[in-house]
$ cat query.cif   # mmCIF, C-alpha atoms
data_final
#
loop_
_atom_site.label_atom_id
_atom_site.label_comp_id
_atom_site.auth_asym_id
_atom_site.auth_seq_id
_atom_site.Cartn_x
_atom_site.Cartn_y
_atom_site.Cartn_z
CA MET A 10 -15.10 0.24 -14.17
CA ALA A 11 -12.75 -2.68 -14.79
CA ARG A 12 -9.52 -2.25 -12.88
CA SER A 13 -6.50 -4.48 -13.15
CA LEU A 14 -3.49 -5.07 -10.99
CA SER A 15 -0.13 -3.75 -12.18
CA TYR A 16 3.37 -3.55 -10.76
CA ILE A 17 5.45 -0.45 -10.08
CA THR A 18 9.19 -0.19 -9.47
CA ALA A 19 10.72 1.75 -6.61
CA ALA A 20 12.01 4.38 -9.07
CA GLN A 21 8.52 4.80 -10.55
CA LEU A 22 6.99 5.04 -7.08
CA ILE A 23 9.44 7.77 -6.07
CA SER A 24 8.27 9.82 -9.04
CA ILE A 25 4.59 9.68 -7.99
CA ALA A 26 4.65 9.09 -4.22
CA ARG A 27 4.49 12.75 -3.18
CA SER A 28 1.22 13.21 -5.02
CA PRO A 29 -1.72 13.70 -2.66
CA ARG A 30 -3.66 11.27 -4.90
CA VAL A 31 -1.35 8.30 -4.13
CA ALA A 32 -1.55 6.04 -1.07
CA ILE A 33 1.05 3.43 -0.15
CA VAL A 34 -0.46 0.47 1.71
CA ASP A 35 1.91 -1.64 3.79
CA VAL A 36 0.38 -5.07 4.43
CA ARG A 37 3.31 -6.54 6.36
CA ASP A 38 2.40 -7.86 9.76
CA GLU A 39 4.51 -7.26 12.86
CA GLU A 40 7.78 -6.82 10.93
CA ARG A 41 6.72 -3.25 10.10
CA SER A 42 7.37 -2.26 13.71
CA TYR A 43 11.03 -3.30 13.68
CA ASP A 44 11.96 -2.96 9.98
CA ALA A 45 10.67 0.61 9.55
CA HIS A 46 8.35 1.54 6.67
CA ILE A 47 7.99 3.76 3.62
CA ALA A 48 7.35 7.31 4.77
CA GLY A 49 3.70 8.31 4.51
CA SER A 50 2.39 4.75 4.22
CA LEU A 51 -0.76 3.28 5.74
CA HIS A 52 -0.47 0.03 7.66
CA CYS A 53 -3.13 -2.60 7.13
CA ALA A 54 -1.68 -5.95 8.22
CA SER A 55 -2.35 -8.91 5.95
CA ASP A 56 -3.52 -11.12 8.81
CA THR A 57 -6.56 -8.84 9.39
CA PHE A 58 -6.79 -7.31 5.92
CA SER A 59 -10.06 -8.91 4.82
CA GLU A 60 -11.89 -7.54 7.88
CA ARG A 61 -10.41 -4.05 7.43
CA MET A 62 -11.05 -3.34 3.75
CA SER A 63 -13.93 -0.94 4.46
CA ASP A 64 -11.66 0.96 6.90
CA LEU A 65 -8.98 1.12 4.23
CA LEU A 66 -11.44 2.39 1.66
CA HIS A 67 -12.42 5.18 4.06
CA ALA A 68 -8.75 5.97 4.84
CA VAL A 69 -7.86 6.39 1.15
CA LYS A 70 -10.80 8.62 0.26
CA GLY A 71 -9.66 11.12 -2.37
CA LYS A 72 -6.83 8.92 -3.64
CA ASP A 73 -6.85 7.51 -7.17
CA THR A 74 -3.78 5.25 -6.93
CA LEU A 75 -3.02 2.64 -4.28
CA VAL A 76 0.37 0.92 -4.11
CA PHE A 77 0.42 -2.24 -2.00
CA HIS A 78 3.54 -3.93 -0.66
CA CYS A 79 4.75 -6.45 1.84
CA ALA A 80 8.34 -7.53 2.52
CA LEU A 81 9.03 -8.92 -0.97
CA SER A 82 5.66 -8.32 -2.69
CA GLN A 83 5.50 -11.93 -3.76
CA VAL A 84 2.52 -13.18 -1.70
CA ARG A 85 0.89 -10.85 0.84
CA GLY A 86 1.14 -7.62 -1.18
CA PRO A 87 -0.33 -9.03 -4.42
CA THR A 88 -2.93 -11.10 -2.52
CA CYS A 89 -4.21 -8.09 -0.55
CA ALA A 90 -4.18 -5.92 -3.68
CA ARG A 91 -6.32 -8.49 -5.53
CA MET A 92 -8.69 -8.81 -2.56
CA PHE A 93 -9.08 -5.02 -2.52
CA LEU A 94 -9.72 -4.96 -6.27
CA ASP A 95 -12.47 -7.56 -5.76
CA TYR A 96 -13.87 -5.51 -2.89
CA LEU A 97 -13.92 -2.38 -5.07
CA SER A 98 -15.81 -4.21 -7.81
CA GLU A 99 -18.39 -5.46 -5.28
CA THR A 100 -18.96 -2.18 -3.44
CA LYS A 101 -21.58 0.19 -4.77
CA GLU A 102 -19.61 3.25 -3.66
CA ASP A 103 -17.59 5.09 -6.31
CA ALA A 104 -14.23 5.14 -4.58
CA GLY A 105 -12.46 7.07 -7.35
CA ILE A 106 -9.57 4.58 -7.29
CA ASN A 107 -8.32 4.03 -10.82
CA ASN A 108 -4.98 2.31 -10.21
CA VAL A 109 -4.14 -0.58 -7.89
CA MET A 110 -0.48 -1.50 -7.98
CA VAL A 111 2.07 -3.68 -6.21
CA LEU A 112 5.56 -2.42 -5.40
CA ASP A 113 8.02 -4.67 -7.22
CA ARG A 114 10.48 -6.28 -4.73
CA GLY A 115 8.47 -4.89 -1.80
CA PHE A 116 9.81 -3.06 1.21
CA ASN A 117 13.02 -5.08 1.23
CA GLY A 118 13.84 -3.99 -2.32
CA TRP A 119 12.82 -0.41 -1.53
CA HIS A 120 15.08 -0.27 1.51
CA ALA A 121 17.99 -2.10 -0.15
CA SER A 122 17.93 0.52 -2.92
CA GLY A 123 18.55 3.26 -0.35
CA ASN A 124 15.10 4.82 -0.61
CA PRO A 125 13.73 6.79 2.37
CA VAL A 126 12.18 4.94 5.29
CA CYS A 127 10.55 6.09 8.50
CA GLN A 128 10.45 4.59 11.99
CA CYS A 129 7.51 6.49 13.47
CA THR A 130 4.82 4.49 15.24
CA THR A 131 1.76 6.30 13.87
CA ASN A 132 -0.73 4.91 11.37
CA PRO A 133 -0.97 6.45 8.89
CA CYS A 134 2.70 7.36 8.98
CA THR A 135 3.34 11.04 9.59
CA GLY A 136 6.92 10.88 8.35
CA ASN A 137 8.06 12.95 5.41
CA TRP A 138 10.24 12.12 2.46
CA ALA A 139 13.88 13.05 2.95
#
$ encode --input "query.cif" --output "structure tokens"
Amino acid sequence: MARSLSYITAAQLISIARSPRVAIVDVRDEERSYDAHIAGSLHCASDTFSERMSDLLHAVKGKDTLVFHCALSQVRGPTCARMFLDYLSETKEDAGINNVMVLDRGFNGWHASGNPVCQCTTNPCTGNWA
């Protein structure tokens, strides 16, 4: 199955984020711990992302849409999303992932727009949407 990378706005993400079939993947590095994060997101830091893709694939089992982001989604978010797309095309396992997206404007844009964030320290985040 040929998958392509697309972008999603914060407003679009809000409309789908509560679905059990959607996973939000935060690839920021240490700034996640002091900037907070999108409630319910998984953390998979960009500096170790390539070594952790099989762990991520296991963590998102049952999801069909993954939304990647970093601080601004200009470098780390899109790079990790493309790496994961390549990994999906190379793996023999049918992951069931149909959509790989990048959050436009990243976490900073999400937070600046007044969208809900969480400050828990668990991974995956156990916080709920407000």
$ closest_residue --input "query.cif" --among "A:Arg114, A:Arg12, A:His120, A:His46" --to "A:Tyr96" --atoms "only C-alpha atoms"
A:Arg12
$ atom_distance --input "query.cif" --atom1 "atom CA of A:Gln21" --atom2 "atom CA of A:Asn124"
11.9 Å
$ resolve_selection --input "query.cif" --expression "the PyMOL selection byres ((chain A and resi 17) around 8)" --output "PyMOL selection string"
chain A and resi 15-16+18-19+21-22+76+110-113
$ residues_around --input "query.cif" --residues "A:Ser82" --least-positions-apart "2" --cutoff "9 Å" --atoms "only C-alpha atoms" --output "PyMOL selection string"
chain A and resi 77-80+84-87+111-117
$ write_last_selection --input "query.cif" --atoms "C-alpha atoms" --output "compact mmCIF listing (two decimals), in the coordinates of the input"
# COMPACT_ATOMS: atom_id res chain seq x y z
CA PHE A 77 0.42 -2.24 -2.00
CA HIS A 78 3.54 -3.93 -0.66
CA CYS A 79 4.75 -6.45 1.84
CA ALA A 80 8.34 -7.53 2.52
CA VAL A 84 2.52 -13.18 -1.70
CA ARG A 85 0.89 -10.85 0.84
CA GLY A 86 1.14 -7.62 -1.18
CA PRO A 87 -0.33 -9.03 -4.42
CA VAL A 111 2.07 -3.68 -6.21
CA LEU A 112 5.56 -2.42 -5.40
CA ASP A 113 8.02 -4.67 -7.22
CA ARG A 114 10.48 -6.28 -4.73
CA GLY A 115 8.47 -4.89 -1.80
CA PHE A 116 9.81 -3.06 1.21
CA ASN A 117 13.02 -5.08 1.23
$ resolve_selection --input "query.cif" --expression "the PyMOL selection byres ((chain A and resi 56-63) around 10)" --output "VMD selection string"
chain A and resid 36 to 39 52 to 55 64 to 68 85 89 92 to 93 96 to 97 100
$ axis_aligned_box --input "query.cif" --around "stretch 65-72 of chain A" --padding-each-side "3 Å" --output "JSON"
{"center_x": -9.6, "center_y": 6.1, "center_z": 0.6, "size_x": 11.6, "size_y": 16.0, "size_z": 14.5}
$ residues_around --input "query.cif" --residues "A:Gly49" --least-positions-apart "4" --cutoff "12 Å" --atoms "only C-alpha atoms" --output "PDB file with C-alpha atoms, in the frame of the given file"
ATOM      1  CA  ALA A  26       4.650   9.090  -4.220  1.00  0.00           C
ATOM      2  CA  ARG A  27       4.490  12.750  -3.180  1.00  0.00           C
ATOM      3  CA  SER A  28       1.220  13.210  -5.020  1.00  0.00           C
ATOM      4  CA  PRO A  29      -1.720  13.700  -2.660  1.00  0.00           C
ATOM      5  CA  VAL A  31      -1.350   8.300  -4.130  1.00  0.00           C
ATOM      6  CA  ALA A  32      -1.550   6.040  -1.070  1.00  0.00           C
ATOM      7  CA  ILE A  33       1.050   3.430  -0.150  1.00  0.00           C
ATOM      8  CA  VAL A  34      -0.460   0.470   1.710  1.00  0.00           C
ATOM      9  CA  ASP A  35       1.910  -1.640   3.790  1.00  0.00           C
ATOM     10  CA  ALA A  45      10.670   0.610   9.550  1.00  0.00           C
ATOM     11  CA  VAL A  76       0.370   0.920  -4.110  1.00  0.00           C
ATOM     12  CA  PRO A 125      13.730   6.790   2.370  1.00  0.00           C
ATOM     13  CA  VAL A 126      12.180   4.940   5.290  1.00  0.00           C
ATOM     14  CA  CYS A 127      10.550   6.090   8.500  1.00  0.00           C
ATOM     15  CA  GLN A 128      10.450   4.590  11.990  1.00  0.00           C
ATOM     16  CA  CYS A 129       7.510   6.490  13.470  1.00  0.00           C
ATOM     17  CA  THR A 130       4.820   4.490  15.240  1.00  0.00           C
ATOM     18  CA  THR A 131       1.760   6.300  13.870  1.00  0.00           C
ATOM     19  CA  ASN A 132      -0.730   4.910  11.370  1.00  0.00           C
ATOM     20  CA  PRO A 133      -0.970   6.450   8.890  1.00  0.00           C
ATOM     21  CA  CYS A 134       2.700   7.360   8.980  1.00  0.00           C
ATOM     22  CA  THR A 135       3.340  11.040   9.590  1.00  0.00           C
ATOM     23  CA  GLY A 136       6.920  10.880   8.350  1.00  0.00           C
ATOM     24  CA  ASN A 137       8.060  12.950   5.410  1.00  0.00           C
ATOM     25  CA  TRP A 138      10.240  12.120   2.460  1.00  0.00           C
ATOM     26  CA  ALA A 139      13.880  13.050   2.950  1.00  0.00           C
TER      27      ALA A 139
END
$ atom_distance --input "query.cif" --atom1 "atom CA of A:Thr74" --atom2 "atom CA of A:Gly105"
8.9 Å
$ atom_distance --input "query.cif" --atom1 "atom CA of A:Thr88" --atom2 "atom CA of A:Lys70"
21.4 Å
$ decode --input "query.cif" --residues "stretch 44-91 of chain A" --atoms "N, CA and C atoms" --output "mmCIF file, in the first residue's frame"
data_model
loop_
_atom_site.group_PDB
_atom_site.id
_atom_site.type_symbol
_atom_site.label_atom_id
_atom_site.label_comp_id
_atom_site.auth_asym_id
_atom_site.auth_seq_id
_atom_site.Cartn_x
_atom_site.Cartn_y
_atom_site.Cartn_z
ATOM 1 N N ASP A 44 7.679 21.927 28.465
ATOM 2 C CA ASP A 44 6.696 22.674 27.690
ATOM 3 C C ASP A 44 5.302 22.066 27.736
ATOM 4 N N ALA A 45 5.146 20.921 28.374
ATOM 5 C CA ALA A 45 3.893 20.161 28.366
ATOM 6 C C ALA A 45 3.760 19.445 27.022
ATOM 7 N N HIS A 46 2.597 18.859 26.778
ATOM 8 C CA HIS A 46 2.387 18.072 25.557
ATOM 9 C C HIS A 46 0.896 17.953 25.275
ATOM 10 N N ILE A 47 0.579 17.496 24.077
ATOM 11 C CA ILE A 47 -0.820 17.290 23.707
ATOM 12 C C ILE A 47 -1.331 16.085 24.475
ATOM 13 N N ALA A 48 -2.463 16.246 25.131
ATOM 14 C CA ALA A 48 -3.029 15.170 25.942
ATOM 15 C C ALA A 48 -3.212 13.900 25.112
ATOM 16 N N GLY A 49 -2.802 12.787 25.683
ATOM 17 C CA GLY A 49 -2.953 11.494 25.033
ATOM 18 C C GLY A 49 -1.839 11.126 24.077
ATOM 19 N N SER A 50 -0.829 11.987 23.926
ATOM 20 C CA SER A 50 0.225 11.719 22.945
ATOM 21 C C SER A 50 1.259 10.718 23.443
ATOM 22 N N LEU A 51 1.919 10.101 22.476
ATOM 23 C CA LEU A 51 3.064 9.224 22.727
ATOM 24 C C LEU A 51 4.326 10.048 22.544
ATOM 25 N N HIS A 52 5.341 9.788 23.341
ATOM 26 C CA HIS A 52 6.606 10.490 23.166
ATOM 27 C C HIS A 52 7.635 9.533 22.592
ATOM 28 N N CYS A 53 8.233 9.937 21.492
ATOM 29 C CA CYS A 53 9.281 9.158 20.845
ATOM 30 C C CYS A 53 10.300 10.165 20.320
ATOM 31 N N ALA A 54 11.239 10.548 21.168
ATOM 32 C CA ALA A 54 12.172 11.639 20.875
ATOM 33 C C ALA A 54 12.905 11.449 19.554
ATOM 34 N N SER A 55 13.075 12.543 18.838
ATOM 35 C CA SER A 55 13.710 12.483 17.517
ATOM 36 C C SER A 55 15.149 12.004 17.589
ATOM 37 N N ASP A 56 15.857 12.282 18.687
ATOM 38 C CA ASP A 56 17.259 11.891 18.750
ATOM 39 C C ASP A 56 17.463 10.380 18.863
ATOM 40 N N THR A 57 16.424 9.636 19.219
ATOM 41 C CA THR A 57 16.513 8.159 19.261
ATOM 42 C C THR A 57 15.447 7.505 18.386
ATOM 43 N N PHE A 58 14.786 8.309 17.560
ATOM 44 C CA PHE A 58 13.630 7.816 16.809
ATOM 45 C C PHE A 58 13.960 6.621 15.921
ATOM 46 N N SER A 59 15.056 6.686 15.191
ATOM 47 C CA SER A 59 15.348 5.609 14.236
ATOM 48 C C SER A 59 15.527 4.261 14.931
ATOM 49 N N GLU A 60 16.035 4.256 16.149
ATOM 50 C CA GLU A 60 16.204 3.000 16.889
ATOM 51 C C GLU A 60 14.905 2.524 17.529
ATOM 52 N N ARG A 61 13.904 3.385 17.625
ATOM 53 C CA ARG A 61 12.680 3.046 18.351
ATOM 54 C C ARG A 61 11.458 2.843 17.463
ATOM 55 N N MET A 62 11.659 2.791 16.149
ATOM 56 C CA MET A 62 10.493 2.680 15.261
ATOM 57 C C MET A 62 9.719 1.380 15.473
ATOM 58 N N SER A 63 10.402 0.273 15.745
ATOM 59 C CA SER A 63 9.664 -0.974 15.983
ATOM 60 C C SER A 63 8.855 -0.879 17.272
ATOM 61 N N ASP A 64 9.382 -0.198 18.297
ATOM 62 C CA ASP A 64 8.627 0.028 19.535
ATOM 63 C C ASP A 64 7.398 0.885 19.269
ATOM 64 N N LEU A 65 7.581 1.912 18.442
ATOM 65 C CA LEU A 65 6.450 2.774 18.097
ATOM 66 C C LEU A 65 5.385 1.988 17.346
ATOM 67 N N LEU A 66 5.807 1.177 16.405
ATOM 68 C CA LEU A 66 4.846 0.375 15.649
ATOM 69 C C LEU A 66 4.029 -0.511 16.592
ATOM 70 N N HIS A 67 4.681 -1.099 17.568
ATOM 71 C CA HIS A 67 3.976 -1.927 18.557
ATOM 72 C C HIS A 67 3.024 -1.072 19.404
ATOM 73 N N ALA A 68 3.467 0.129 19.790
ATOM 74 C CA ALA A 68 2.658 1.011 20.645
ATOM 75 C C ALA A 68 1.406 1.524 19.946
ATOM 76 N N VAL A 69 1.425 1.613 18.617
ATOM 77 C CA VAL A 69 0.275 2.154 17.890
ATOM 78 C C VAL A 69 -0.565 1.057 17.240
ATOM 79 N N LYS A 70 -0.384 -0.164 17.677
ATOM 80 C CA LYS A 70 -1.173 -1.272 17.143
ATOM 81 C C LYS A 70 -2.661 -0.957 17.276
ATOM 82 N N GLY A 71 -3.410 -1.145 16.215
ATOM 83 C CA GLY A 71 -4.839 -0.861 16.218
ATOM 84 C C GLY A 71 -5.192 0.552 15.766
ATOM 85 N N LYS A 72 -4.187 1.382 15.556
ATOM 86 C CA LYS A 72 -4.431 2.753 15.073
ATOM 87 C C LYS A 72 -4.347 2.748 13.555
ATOM 88 N N ASP A 73 -5.092 3.644 12.909
ATOM 89 C CA ASP A 73 -4.965 3.755 11.452
ATOM 90 C C ASP A 73 -4.435 5.117 11.021
ATOM 91 N N THR A 74 -4.345 6.065 11.971
ATOM 92 C CA THR A 74 -3.849 7.401 11.666
ATOM 93 C C THR A 74 -2.824 7.809 12.717
ATOM 94 N N LEU A 75 -1.650 8.232 12.246
ATOM 95 C CA LEU A 75 -0.615 8.751 13.136
ATOM 96 C C LEU A 75 -0.367 10.209 12.779
ATOM 97 N N VAL A 76 -0.333 11.063 13.796
ATOM 98 C CA VAL A 76 -0.063 12.486 13.596
ATOM 99 C C VAL A 76 1.222 12.816 14.347
ATOM 100 N N PHE A 77 2.267 13.142 13.596
ATOM 101 C CA PHE A 77 3.561 13.482 14.167
ATOM 102 C C PHE A 77 3.658 14.987 14.380
ATOM 103 N N HIS A 78 4.426 15.382 15.402
ATOM 104 C CA HIS A 78 4.728 16.795 15.577
ATOM 105 C C HIS A 78 5.989 16.953 16.401
ATOM 106 N N CYS A 79 6.608 18.107 16.222
ATOM 107 C CA CYS A 79 7.687 18.551 17.082
ATOM 108 C C CYS A 79 7.289 19.946 17.554
ATOM 109 N N ALA A 80 8.245 20.805 17.832
ATOM 110 C CA ALA A 80 7.896 22.144 18.310
ATOM 111 C C ALA A 80 7.176 22.956 17.239
ATOM 112 N N LEU A 81 7.742 23.008 16.026
ATOM 113 C CA LEU A 81 7.160 23.784 14.942
ATOM 114 C C LEU A 81 6.725 22.936 13.756
ATOM 115 N N SER A 82 7.057 21.652 13.783
ATOM 116 C CA SER A 82 6.780 20.714 12.686
ATOM 117 C C SER A 82 7.379 21.190 11.366
ATOM 118 N N GLN A 83 8.594 21.708 11.452
ATOM 119 C CA GLN A 83 9.301 22.117 10.251
ATOM 120 C C GLN A 83 10.429 21.143 9.897
ATOM 121 N N VAL A 84 11.054 20.509 10.907
ATOM 122 C CA VAL A 84 12.174 19.608 10.637
ATOM 123 C C VAL A 84 11.954 18.243 11.282
ATOM 124 N N ARG A 85 11.986 18.178 12.602
ATOM 125 C CA ARG A 85 11.933 16.878 13.285
ATOM 126 C C ARG A 85 10.635 16.121 13.033
ATOM 127 N N GLY A 86 9.495 16.795 13.138
ATOM 128 C CA GLY A 86 8.212 16.117 12.912
ATOM 129 C C GLY A 86 8.107 15.522 11.522
ATOM 130 N N PRO A 87 8.300 16.316 10.466
ATOM 131 C CA PRO A 87 8.222 15.761 9.110
ATOM 132 C C PRO A 87 9.300 14.704 8.835
ATOM 133 N N THR A 88 10.518 14.916 9.360
ATOM 134 C CA THR A 88 11.595 13.939 9.137
ATOM 135 C C THR A 88 11.248 12.598 9.755
ATOM 136 N N CYS A 89 10.784 12.602 11.003
ATOM 137 C CA CYS A 89 10.416 11.347 11.670
ATOM 138 C C CYS A 89 9.216 10.693 10.991
ATOM 139 N N ALA A 90 8.254 11.491 10.551
ATOM 140 C CA ALA A 90 7.092 10.939 9.850
ATOM 141 C C ALA A 90 7.522 10.248 8.566
ATOM 142 N N ARG A 91 8.443 10.867 7.812
ATOM 143 C CA ARG A 91 8.937 10.241 6.575
ATOM 144 C C ARG A 91 9.728 8.972 6.874
#
